[in-house]
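Note sheet for the following structure.
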Amino acid sequence: MRGNDTVAGSLFSYVDIEKRVRADHPLRVIREIVNATLKAMSPEFDALYSPVGRESIPPERLLRALLLQAFYTIRSERQLVERIEFDLLFRWFVGLGVDDPVWDATTFTKNRDRLLAGEIAVRFLGGVLAQPKVKALLSSEHFSVDGTLLEAWASTKSFRPKDGSGPPPDAGRNGEQDFHGQKRSNDTHASTTDADARLYKKGAGKEAKLCFMGHALMENRNGLIVGAVATRASGHAERLAAKHLIEAHADDARRVTLGGDKGFDTQDFVAEMREINVTPHVAQNTSGRRSAIDGRTTHHPGYAVSLRIRKRIEEAFGWAKTVAGLRKARHRGLPKVDWQFTFAMAAYNLVRLPKLLGVAA
């Protein structure tokens with residue numbers, strides 16, 4: 001019998017959101033870990049808010065909503081708020097009931113900016129890794145490090161001389177500008193849109209873009225990100241960030257290994273790693289030069305294993321750029337880009353945890 005297509009509204013709703021989410025949905029595992037992490041971070045949240053005044057959006061719900069934005073490739077926070085309005089799965093994950101009102105997009109953005117002050121993204125990443133189930137998956141001895149370029153939310157047309165010279169752009173909202181014959185560098189020019197962005201290119205023959213650098217430290221057992229930071233783009237940024245990230249895991253009583261590509265094969269970096277009891281398992285760069293890595297390192301079987309596993313860190317970068325929206329930064333200024341990148345790395349870990357915990361069980 002053919003069904004009736006008549007549309008009739010109901011005065012009352014008896015929807016139980018909890019029953020609408022299937023029992024084996026991956027977000028159930030993620031939500032349990034996220035809720036435990038956010039509960040432990042409650043003192044940090046208290047320090048960011050005044051004890052008096054109007055109640056704002058709970059920071060726990062803000063962070064859950066931002067995780068959904070990364071998981072489901074939602075381009076803007078305005079679209080995110082709209083999706084929460086009609087999607088029961090989103091309401092369940094964030095912690096809103098069926099009849100609860102959803103926030104205004106502008107209010108959401110202003111409350112999100114408050115979380116920048118307390119290094120919440122770094123603490124959230126650390127809190128996820130500190131959960132007992134997750135901590136059992138991590139290696140404390142073998143790590144890999146790498147960096148990637150993050151295209152800034154700024155056009156190359158905004159890269160203007162710092163002294164104000166140079167021809168003005170053509171009239172119009174997106175006026176033409178001719179750079180032929182001009183010598184442009186980060187010493188003499190700066191972006192008028194994002195002053196923290198730097199003109200940088202990946203290698204010879206590649207186009208130069210205004211960008212930042214994102215750096216991640218991965219443990220080698222399951223390929224989870226255990227440290228992340230974004231910096232201004234420069235030729236030394238990767239090595240400086242690598243030292244900063246691995247120092248927290250270096251132990252005077254036990255030597256750890258750090259895998260990396262040829263860009264880390266320099267005398268200074270290798271010497272600095274050995275000083276802090278870190279064995280640098282970096283790829284040898286012998287193109288017209290002598291490698292800083294010698295037989296003391298390469299003869300160990302673990303060296304070849306590190307070189308093979310270190311490439312898995314590219315999976316995190318690829319996910320962040322294609323799924324989490326980091327192909328081009330959504331924010332301007334280094335603090336916000338650093339926050340977005342670190343939070344995206346935490347989201348990458350969470351996406352992988354349901355399967356890893358299932359295997360571990």
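Going by the structure tokens order, chains are called A, B, ..., each with residues numbered from 1, while ligands are numbered from 1 in the order shown.
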Check the DSSP output for the backbone and give back, as a PDB file with N, CA and C atoms, in the first residue's frame, the residues of region 123-289 of chain A in strand (DSSP E or B).
ATOM      1  N   HIS A 142      60.157   6.343  21.212  1.00  0.00           N
ATOM      2  CA  HIS A 142      60.421   6.552  19.791  1.00  0.00           C
ATOM      3  C   HIS A 142      59.430   7.576  19.217  1.00  0.00           C
ATOM      4  N   PHE A 143      59.979   8.617  18.570  1.00  0.00           N
ATOM      5  CA  PHE A 143      59.165   9.718  18.064  1.00  0.00           C
ATOM      6  C   PHE A 143      59.621  10.105  16.661  1.00  0.00           C
ATOM      7  N   SER A 144      58.750  10.859  15.992  1.00  0.00           N
ATOM      8  CA  SER A 144      59.078  11.444  14.692  1.00  0.00           C
ATOM      9  C   SER A 144      58.577  12.872  14.676  1.00  0.00           C
ATOM     10  N   VAL A 145      59.247  13.707  13.885  1.00  0.00           N
ATOM     11  CA  VAL A 145      58.878  15.106  13.821  1.00  0.00           C
ATOM     12  C   VAL A 145      58.899  15.574  12.372  1.00  0.00           C
ATOM     13  N   ASP A 146      58.039  16.516  12.050  1.00  0.00           N
ATOM     14  CA  ASP A 146      58.029  17.080  10.705  1.00  0.00           C
ATOM     15  C   ASP A 146      57.243  18.390  10.738  1.00  0.00           C
ATOM     16  N   GLY A 147      57.334  19.127   9.653  1.00  0.00           N
ATOM     17  CA  GLY A 147      56.608  20.376   9.535  1.00  0.00           C
ATOM     18  C   GLY A 147      55.907  20.465   8.200  1.00  0.00           C
ATOM     19  N   THR A 148      54.912  21.343   8.113  1.00  0.00           N
ATOM     20  CA  THR A 148      54.167  21.542   6.878  1.00  0.00           C
ATOM     21  C   THR A 148      53.801  23.006   6.756  1.00  0.00           C
ATOM     22  N   LEU A 149      53.622  23.457   5.523  1.00  0.00           N
ATOM     23  CA  LEU A 149      53.247  24.844   5.294  1.00  0.00           C
ATOM     24  C   LEU A 149      51.738  25.006   5.420  1.00  0.00           C
ATOM     25  N   LEU A 150      51.314  26.066   6.088  1.00  0.00           N
ATOM     26  CA  LEU A 150      49.905  26.408   6.231  1.00  0.00           C
ATOM     27  C   LEU A 150      49.674  27.733   5.510  1.00  0.00           C
ATOM     28  N   GLU A 151      48.928  27.700   4.436  1.00  0.00           N
ATOM     29  CA  GLU A 151      48.709  28.913   3.655  1.00  0.00           C
ATOM     30  C   GLU A 151      47.917  29.923   4.472  1.00  0.00           C
ATOM     31  N   PHE A 159      51.136  41.843   0.139  1.00  0.00           N
ATOM     32  CA  PHE A 159      52.549  41.859   0.523  1.00  0.00           C
ATOM     33  C   PHE A 159      53.176  43.126  -0.031  1.00  0.00           C
ATOM     34  N   ARG A 160      53.200  44.168   0.790  1.00  0.00           N
ATOM     35  CA  ARG A 160      53.587  45.509   0.349  1.00  0.00           C
ATOM     36  C   ARG A 160      54.860  45.967   1.064  1.00  0.00           C
ATOM     37  N   PRO A 161      55.591  46.916   0.488  1.00  0.00           N
ATOM     38  CA  PRO A 161      56.793  47.445   1.157  1.00  0.00           C
ATOM     39  C   PRO A 161      56.451  48.036   2.521  1.00  0.00           C
ATOM     40  N   HIS A 189      59.303  43.720   3.045  1.00  0.00           N
ATOM     41  CA  HIS A 189      57.873  43.713   2.785  1.00  0.00           C
ATOM     42  C   HIS A 189      57.132  43.000   3.920  1.00  0.00           C
ATOM     43  N   ALA A 190      55.854  43.300   4.026  1.00  0.00           N
ATOM     44  CA  ALA A 190      54.986  42.640   5.004  1.00  0.00           C
ATOM     45  C   ALA A 190      53.568  42.661   4.473  1.00  0.00           C
ATOM     46  N   SER A 191      52.778  41.703   4.904  1.00  0.00           N
ATOM     47  CA  SER A 191      51.387  41.635   4.474  1.00  0.00           C
ATOM     48  C   SER A 191      50.556  42.640   5.257  1.00  0.00           C
ATOM     49  N   ARG A 198      54.466  35.026   6.421  1.00  0.00           N
ATOM     50  CA  ARG A 198      55.747  35.228   5.763  1.00  0.00           C
ATOM     51  C   ARG A 198      55.700  34.636   4.360  1.00  0.00           C
ATOM     52  N   LEU A 199      56.374  35.313   3.435  1.00  0.00           N
ATOM     53  CA  LEU A 199      56.480  34.808   2.065  1.00  0.00           C
ATOM     54  C   LEU A 199      57.506  33.680   2.060  1.00  0.00           C
ATOM     55  N   TYR A 200      57.073  32.493   1.630  1.00  0.00           N
ATOM     56  CA  TYR A 200      57.936  31.321   1.727  1.00  0.00           C
ATOM     57  C   TYR A 200      57.559  30.340   0.631  1.00  0.00           C
ATOM     58  N   LYS A 209      54.385  31.667  -1.361  1.00  0.00           N
ATOM     59  CA  LYS A 209      53.074  32.029  -0.831  1.00  0.00           C
ATOM     60  C   LYS A 209      53.224  32.613   0.565  1.00  0.00           C
ATOM     61  N   LEU A 210      52.247  33.398   0.957  1.00  0.00           N
ATOM     62  CA  LEU A 210      52.191  33.865   2.329  1.00  0.00           C
ATOM     63  C   LEU A 210      51.696  32.713   3.190  1.00  0.00           C
ATOM     64  N   CYS A 211      52.470  32.330   4.185  1.00  0.00           N
ATOM     65  CA  CYS A 211      52.104  31.131   4.929  1.00  0.00           C
ATOM     66  C   CYS A 211      52.711  31.135   6.320  1.00  0.00           C
ATOM     67  N   PHE A 212      52.284  30.147   7.101  1.00  0.00           N
ATOM     68  CA  PHE A 212      52.859  29.811   8.391  1.00  0.00           C
ATOM     69  C   PHE A 212      53.422  28.399   8.290  1.00  0.00           C
ATOM     70  N   MET A 213      54.035  27.924   9.351  1.00  0.00           N
ATOM     71  CA  MET A 213      54.506  26.545   9.416  1.00  0.00           C
ATOM     72  C   MET A 213      53.857  25.848  10.603  1.00  0.00           C
ATOM     73  N   GLY A 214      53.333  24.649  10.355  1.00  0.00           N
ATOM     74  CA  GLY A 214      52.814  23.819  11.428  1.00  0.00           C
ATOM     75  C   GLY A 214      53.766  22.674  11.692  1.00  0.00           C
ATOM     76  N   HIS A 215      54.074  22.411  12.957  1.00  0.00           N
ATOM     77  CA  HIS A 215      55.033  21.372  13.337  1.00  0.00           C
ATOM     78  C   HIS A 215      54.351  20.384  14.274  1.00  0.00           C
ATOM     79  N   ALA A 216      54.620  19.099  14.064  1.00  0.00           N
ATOM     80  CA  ALA A 216      53.994  18.073  14.892  1.00  0.00           C
ATOM     81  C   ALA A 216      55.026  17.041  15.320  1.00  0.00           C
ATOM     82  N   LEU A 217      54.837  16.529  16.532  1.00  0.00           N
ATOM     83  CA  LEU A 217      55.659  15.449  17.071  1.00  0.00           C
ATOM     84  C   LEU A 217      54.768  14.218  17.208  1.00  0.00           C
ATOM     85  N   MET A 218      55.173  13.113  16.596  1.00  0.00           N
ATOM     86  CA  MET A 218      54.382  11.880  16.581  1.00  0.00           C
ATOM     87  C   MET A 218      55.105  10.774  17.339  1.00  0.00           C
ATOM     88  N   GLU A 219      54.344  10.017  18.133  1.00  0.00           N
ATOM     89  CA  GLU A 219      54.933   8.811  18.734  1.00  0.00           C
ATOM     90  C   GLU A 219      54.827   7.684  17.708  1.00  0.00           C
ATOM     91  N   ILE A 225      49.647  12.037  17.474  1.00  0.00           N
ATOM     92  CA  ILE A 225      50.374  13.297  17.640  1.00  0.00           C
ATOM     93  C   ILE A 225      50.446  13.640  19.123  1.00  0.00           C
ATOM     94  N   VAL A 226      51.653  13.833  19.635  1.00  0.00           N
ATOM     95  CA  VAL A 226      51.838  14.114  21.060  1.00  0.00           C
ATOM     96  C   VAL A 226      52.328  15.548  21.306  1.00  0.00           C
ATOM     97  N   GLY A 227      52.531  16.305  20.251  1.00  0.00           N
ATOM     98  CA  GLY A 227      52.940  17.698  20.406  1.00  0.00           C
ATOM     99  C   GLY A 227      52.736  18.450  19.111  1.00  0.00           C
ATOM    100  N   ALA A 228      52.333  19.710  19.190  1.00  0.00           N
ATOM    101  CA  ALA A 228      52.075  20.490  17.978  1.00  0.00           C
ATOM    102  C   ALA A 228      52.270  21.966  18.280  1.00  0.00           C
ATOM    103  N   VAL A 229      52.736  22.684  17.275  1.00  0.00           N
ATOM    104  CA  VAL A 229      52.917  24.126  17.394  1.00  0.00           C
ATOM    105  C   VAL A 229      52.984  24.723  15.998  1.00  0.00           C
ATOM    106  N   ALA A 230      52.510  25.931  15.849  1.00  0.00           N
ATOM    107  CA  ALA A 230      52.624  26.673  14.587  1.00  0.00           C
ATOM    108  C   ALA A 230      53.561  27.852  14.802  1.00  0.00           C
ATOM    109  N   THR A 231      54.360  28.158  13.780  1.00  0.00           N
ATOM    110  CA  THR A 231      55.328  29.247  13.862  1.00  0.00           C
ATOM    111  C   THR A 231      55.300  30.053  12.565  1.00  0.00           C
ATOM    112  N   ARG A 232      56.006  31.167  12.567  1.00  0.00           N
ATOM    113  CA  ARG A 232      56.224  31.888  11.320  1.00  0.00           C
ATOM    114  C   ARG A 232      57.125  31.038  10.413  1.00  0.00           C
ATOM    115  N   ASP A 251      64.608  12.316  28.339  1.00  0.00           N
ATOM    116  CA  ASP A 251      64.827  11.812  29.696  1.00  0.00           C
ATOM    117  C   ASP A 251      66.316  11.566  29.888  1.00  0.00           C
ATOM    118  N   ARG A 254      67.112   7.808  30.188  1.00  0.00           N
ATOM    119  CA  ARG A 254      66.820   6.886  29.096  1.00  0.00           C
ATOM    120  C   ARG A 254      66.866   7.635  27.775  1.00  0.00           C
ATOM    121  N   VAL A 256      65.969   8.477  23.977  1.00  0.00           N
ATOM    122  CA  VAL A 256      64.834   8.337  23.070  1.00  0.00           C
ATOM    123  C   VAL A 256      65.315   8.622  21.655  1.00  0.00           C
ATOM    124  N   THR A 257      64.536   8.192  20.659  1.00  0.00           N
ATOM    125  CA  THR A 257      64.899   8.420  19.268  1.00  0.00           C
ATOM    126  C   THR A 257      63.943   9.415  18.640  1.00  0.00           C
ATOM    127  N   LEU A 258      64.441  10.149  17.649  1.00  0.00           N
ATOM    128  CA  LEU A 258      63.638  11.140  16.945  1.00  0.00           C
ATOM    129  C   LEU A 258      63.889  11.011  15.455  1.00  0.00           C
ATOM    130  N   GLY A 259      62.876  10.573  14.714  1.00  0.00           N
ATOM    131  CA  GLY A 259      62.977  10.451  13.273  1.00  0.00           C
ATOM    132  C   GLY A 259      62.651  11.760  12.582  1.00  0.00           C
ATOM    133  N   GLY A 260      63.259  11.981  11.416  1.00  0.00           N
ATOM    134  CA  GLY A 260      63.011  13.202  10.665  1.00  0.00           C
ATOM    135  C   GLY A 260      63.531  13.073   9.249  1.00  0.00           C
ATOM    136  N   VAL A 278      68.885  12.516  23.110  1.00  0.00           N
ATOM    137  CA  VAL A 278      67.981  12.113  22.032  1.00  0.00           C
ATOM    138  C   VAL A 278      68.820  11.618  20.859  1.00  0.00           C
ATOM    139  N   THR A 279      68.549  10.415  20.381  1.00  0.00           N
ATOM    140  CA  THR A 279      69.256   9.886  19.220  1.00  0.00           C
ATOM    141  C   THR A 279      68.557  10.356  17.951  1.00  0.00           C
ATOM    142  N   PRO A 280      69.214  11.153  17.115  1.00  0.00           N
ATOM    143  CA  PRO A 280      68.560  11.681  15.906  1.00  0.00           C
ATOM    144  C   PRO A 280      68.526  10.646  14.782  1.00  0.00           C
ATOM    145  N   HIS A 281      67.383  10.049  14.546  1.00  0.00           N
ATOM    146  CA  HIS A 281      67.203   9.115  13.432  1.00  0.00           C
ATOM    147  C   HIS A 281      66.681   9.881  12.220  1.00  0.00           C
ATOM    148  N   VAL A 282      67.494  10.789  11.707  1.00  0.00           N
ATOM    149  CA  VAL A 282      67.080  11.613  10.571  1.00  0.00           C
ATOM    150  C   VAL A 282      67.718  11.075   9.295  1.00  0.00           C
TER     151      VAL A 282
END
When you look at Phe179 (chain A) with a cut-off of 10 Å (counting only C-alpha atoms), what residues show up, excluding the ones that are within fewer than 2 positions of it in the same chain? I need them as a PyMOL selection string. chain A and resi 156-157+166-167+176-177+181-184
Okay, now the selection with all heavy atoms, as a PDB file, in the first residue's frame?
ATOM      1  N   THR A 156      48.778  37.476  -1.909  1.00  0.00           N
ATOM      2  CA  THR A 156      50.119  38.008  -2.174  1.00  0.00           C
ATOM      3  C   THR A 156      50.060  39.478  -2.575  1.00  0.00           C
ATOM      4  O   THR A 156      51.068  40.179  -2.501  1.00  0.00           O
ATOM      5  CB  THR A 156      50.806  37.202  -3.287  1.00  0.00           C
ATOM      6  OG1 THR A 156      49.949  37.135  -4.433  1.00  0.00           O
ATOM      7  CG2 THR A 156      51.110  35.785  -2.809  1.00  0.00           C
ATOM      8  N   LYS A 157      48.894  39.940  -3.005  1.00  0.00           N
ATOM      9  CA  LYS A 157      48.751  41.362  -3.323  1.00  0.00           C
ATOM     10  C   LYS A 157      48.884  42.236  -2.078  1.00  0.00           C
ATOM     11  O   LYS A 157      49.174  43.435  -2.188  1.00  0.00           O
ATOM     12  CB  LYS A 157      47.397  41.621  -3.981  1.00  0.00           C
ATOM     13  CG  LYS A 157      47.222  40.959  -5.335  1.00  0.00           C
ATOM     14  CD  LYS A 157      45.852  41.257  -5.896  1.00  0.00           C
ATOM     15  CE  LYS A 157      45.644  40.545  -7.238  1.00  0.00           C
ATOM     16  NZ  LYS A 157      44.297  40.822  -7.797  1.00  0.00           N
ATOM     17  N   GLY A 166      56.127  51.945  -3.405  1.00  0.00           N
ATOM     18  CA  GLY A 166      55.542  50.990  -4.337  1.00  0.00           C
ATOM     19  C   GLY A 166      54.263  51.534  -4.940  1.00  0.00           C
ATOM     20  O   GLY A 166      53.554  52.340  -4.323  1.00  0.00           O
ATOM     21  N   PRO A 167      53.936  51.109  -6.148  1.00  0.00           N
ATOM     22  CA  PRO A 167      52.740  51.610  -6.810  1.00  0.00           C
ATOM     23  C   PRO A 167      51.482  51.101  -6.121  1.00  0.00           C
ATOM     24  O   PRO A 167      51.436  49.959  -5.660  1.00  0.00           O
ATOM     25  CB  PRO A 167      52.865  51.035  -8.234  1.00  0.00           C
ATOM     26  CG  PRO A 167      53.701  49.804  -8.070  1.00  0.00           C
ATOM     27  CD  PRO A 167      54.663  50.127  -6.973  1.00  0.00           C
ATOM     28  N   GLU A 176      44.208  44.896  -9.707  1.00  0.00           N
ATOM     29  CA  GLU A 176      45.401  44.221 -10.232  1.00  0.00           C
ATOM     30  C   GLU A 176      46.670  44.890  -9.702  1.00  0.00           C
ATOM     31  O   GLU A 176      46.697  46.085  -9.404  1.00  0.00           O
ATOM     32  CB  GLU A 176      45.398  44.271 -11.762  1.00  0.00           C
ATOM     33  CG  GLU A 176      44.280  43.474 -12.408  1.00  0.00           C
ATOM     34  CD  GLU A 176      44.443  41.987 -12.203  1.00  0.00           C
ATOM     35  OE1 GLU A 176      45.599  41.538 -12.050  1.00  0.00           O
ATOM     36  OE2 GLU A 176      43.424  41.267 -12.180  1.00  0.00           O
ATOM     37  N   GLN A 177      47.722  44.084  -9.606  1.00  0.00           N
ATOM     38  CA  GLN A 177      49.020  44.601  -9.171  1.00  0.00           C
ATOM     39  C   GLN A 177      50.117  43.810  -9.867  1.00  0.00           C
ATOM     40  O   GLN A 177      50.083  42.577  -9.898  1.00  0.00           O
ATOM     41  CB  GLN A 177      49.166  44.498  -7.649  1.00  0.00           C
ATOM     42  CG  GLN A 177      50.359  45.278  -7.127  1.00  0.00           C
ATOM     43  CD  GLN A 177      50.312  45.426  -5.616  1.00  0.00           C
ATOM     44  OE1 GLN A 177      49.380  44.984  -4.984  1.00  0.00           O
ATOM     45  NE2 GLN A 177      51.319  46.060  -5.055  1.00  0.00           N
ATOM     46  N   GLY A 181      59.690  42.445 -11.937  1.00  0.00           N
ATOM     47  CA  GLY A 181      60.803  43.367 -11.785  1.00  0.00           C
ATOM     48  C   GLY A 181      61.021  43.849 -10.372  1.00  0.00           C
ATOM     49  O   GLY A 181      62.001  44.552 -10.105  1.00  0.00           O
ATOM     50  N   GLN A 182      60.120  43.484  -9.452  1.00  0.00           N
ATOM     51  CA  GLN A 182      60.267  43.909  -8.064  1.00  0.00           C
ATOM     52  C   GLN A 182      60.986  42.839  -7.253  1.00  0.00           C
ATOM     53  O   GLN A 182      60.767  41.644  -7.454  1.00  0.00           O
ATOM     54  CB  GLN A 182      58.893  44.167  -7.426  1.00  0.00           C
ATOM     55  CG  GLN A 182      58.107  45.308  -8.043  1.00  0.00           C
ATOM     56  CD  GLN A 182      56.810  45.556  -7.285  1.00  0.00           C
ATOM     57  OE1 GLN A 182      56.683  45.208  -6.116  1.00  0.00           O
ATOM     58  NE2 GLN A 182      55.844  46.156  -7.967  1.00  0.00           N
ATOM     59  N   LYS A 183      61.841  43.255  -6.359  1.00  0.00           N
ATOM     60  CA  LYS A 183      62.505  42.340  -5.442  1.00  0.00           C
ATOM     61  C   LYS A 183      61.775  42.404  -4.110  1.00  0.00           C
ATOM     62  O   LYS A 183      61.764  43.431  -3.433  1.00  0.00           O
ATOM     63  CB  LYS A 183      63.973  42.736  -5.262  1.00  0.00           C
ATOM     64  CG  LYS A 183      64.750  41.761  -4.381  1.00  0.00           C
ATOM     65  CD  LYS A 183      66.213  42.152  -4.279  1.00  0.00           C
ATOM     66  CE  LYS A 183      66.967  41.155  -3.395  1.00  0.00           C
ATOM     67  NZ  LYS A 183      68.404  41.514  -3.260  1.00  0.00           N
ATOM     68  N   ARG A 184      61.147  41.296  -3.766  1.00  0.00           N
ATOM     69  CA  ARG A 184      60.349  41.263  -2.538  1.00  0.00           C
ATOM     70  C   ARG A 184      60.950  40.255  -1.558  1.00  0.00           C
ATOM     71  O   ARG A 184      61.309  39.137  -1.942  1.00  0.00           O
ATOM     72  CB  ARG A 184      58.899  40.872  -2.844  1.00  0.00           C
ATOM     73  CG  ARG A 184      58.217  41.809  -3.840  1.00  0.00           C
ATOM     74  CD  ARG A 184      56.733  41.532  -3.903  1.00  0.00           C
ATOM     75  NE  ARG A 184      56.449  40.162  -4.353  1.00  0.00           N
ATOM     76  CZ  ARG A 184      55.262  39.585  -4.258  1.00  0.00           C
ATOM     77  NH1 ARG A 184      54.257  40.253  -3.707  1.00  0.00           N
ATOM     78  NH2 ARG A 184      55.075  38.356  -4.702  1.00  0.00           N
TER      79      ARG A 184
END
Using only C-alpha atoms, which residues sit within 12 Å of Leu80 (chain A) once same-chain residues fewer than 2 positions away are excluded, as a PyMOL selection string? chain A and resi 62+64-78+82-87+90-91+94+102-106+108-109
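CA of Val128 (chain A) is found 5.8 Å from CA of Thr37 (chain A).
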Need to verify the contact set: Phe343 (chain A), 8 Å, only C-alpha atoms, exclusion of same-chain residues closer than 5 positions in sequence. Can you return it as a ChimeraX atom specification? /A:121-122,124-125
Apply DSSP to the backbone of this structure and, from region 241-329 of chain A, keep only the residues in alpha helix (DSSP H); write these as a ChimeraX atom specification. /A:241-247,267-275,295-298,301-309,313-322
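Between CA of Ile313 (chain A) and CA of Ser140 (chain A) the interatomic distance comes to 16.5 Å.
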Measuring between only C-alpha atoms, which one of A:Ala47, A:Phe93, A:Lys262, A:Asn277 shows the shortest distance to Glu247 (chain A)?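 Looking only at the distances to Glu247 (chain A), the closest residue turns out to be A:Asn277.
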Determine the nearest neighbour of Lys135 (chain A) from the options A:Leu224, A:Tyr348, A:Ala271, A:Thr297, counting only C-alpha atoms.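 Using only C-alpha atoms, the shortest distance to Lys135 (chain A) belongs to A:Leu224.
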Report, in Å to a single decimal, how far apart CA of Asp261 (chain A) and CA of Leu357 (chain A) are.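 One can read the CA of Leu357 (chain A) to CA of Asp261 (chain A) distance as 29.7 Å.
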Could you tell me which of A:Gly235, A:Gly164, A:Gly302, A:Gly97 comes closest to Glu18 (chain A) if we count only C-alpha atoms?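 Of A:Gly235, A:Gly164, A:Gly302, A:Gly97, the one nearest Glu18 (chain A), counting only C-alpha atoms, is A:Gly97.
Among A:Ile309, A:Leu129, A:Leu89, A:Ala152, the residue with the shortest atom-to-atom distance to Arg330 (chain A), counting only C-alpha atoms, is A:Ala152.
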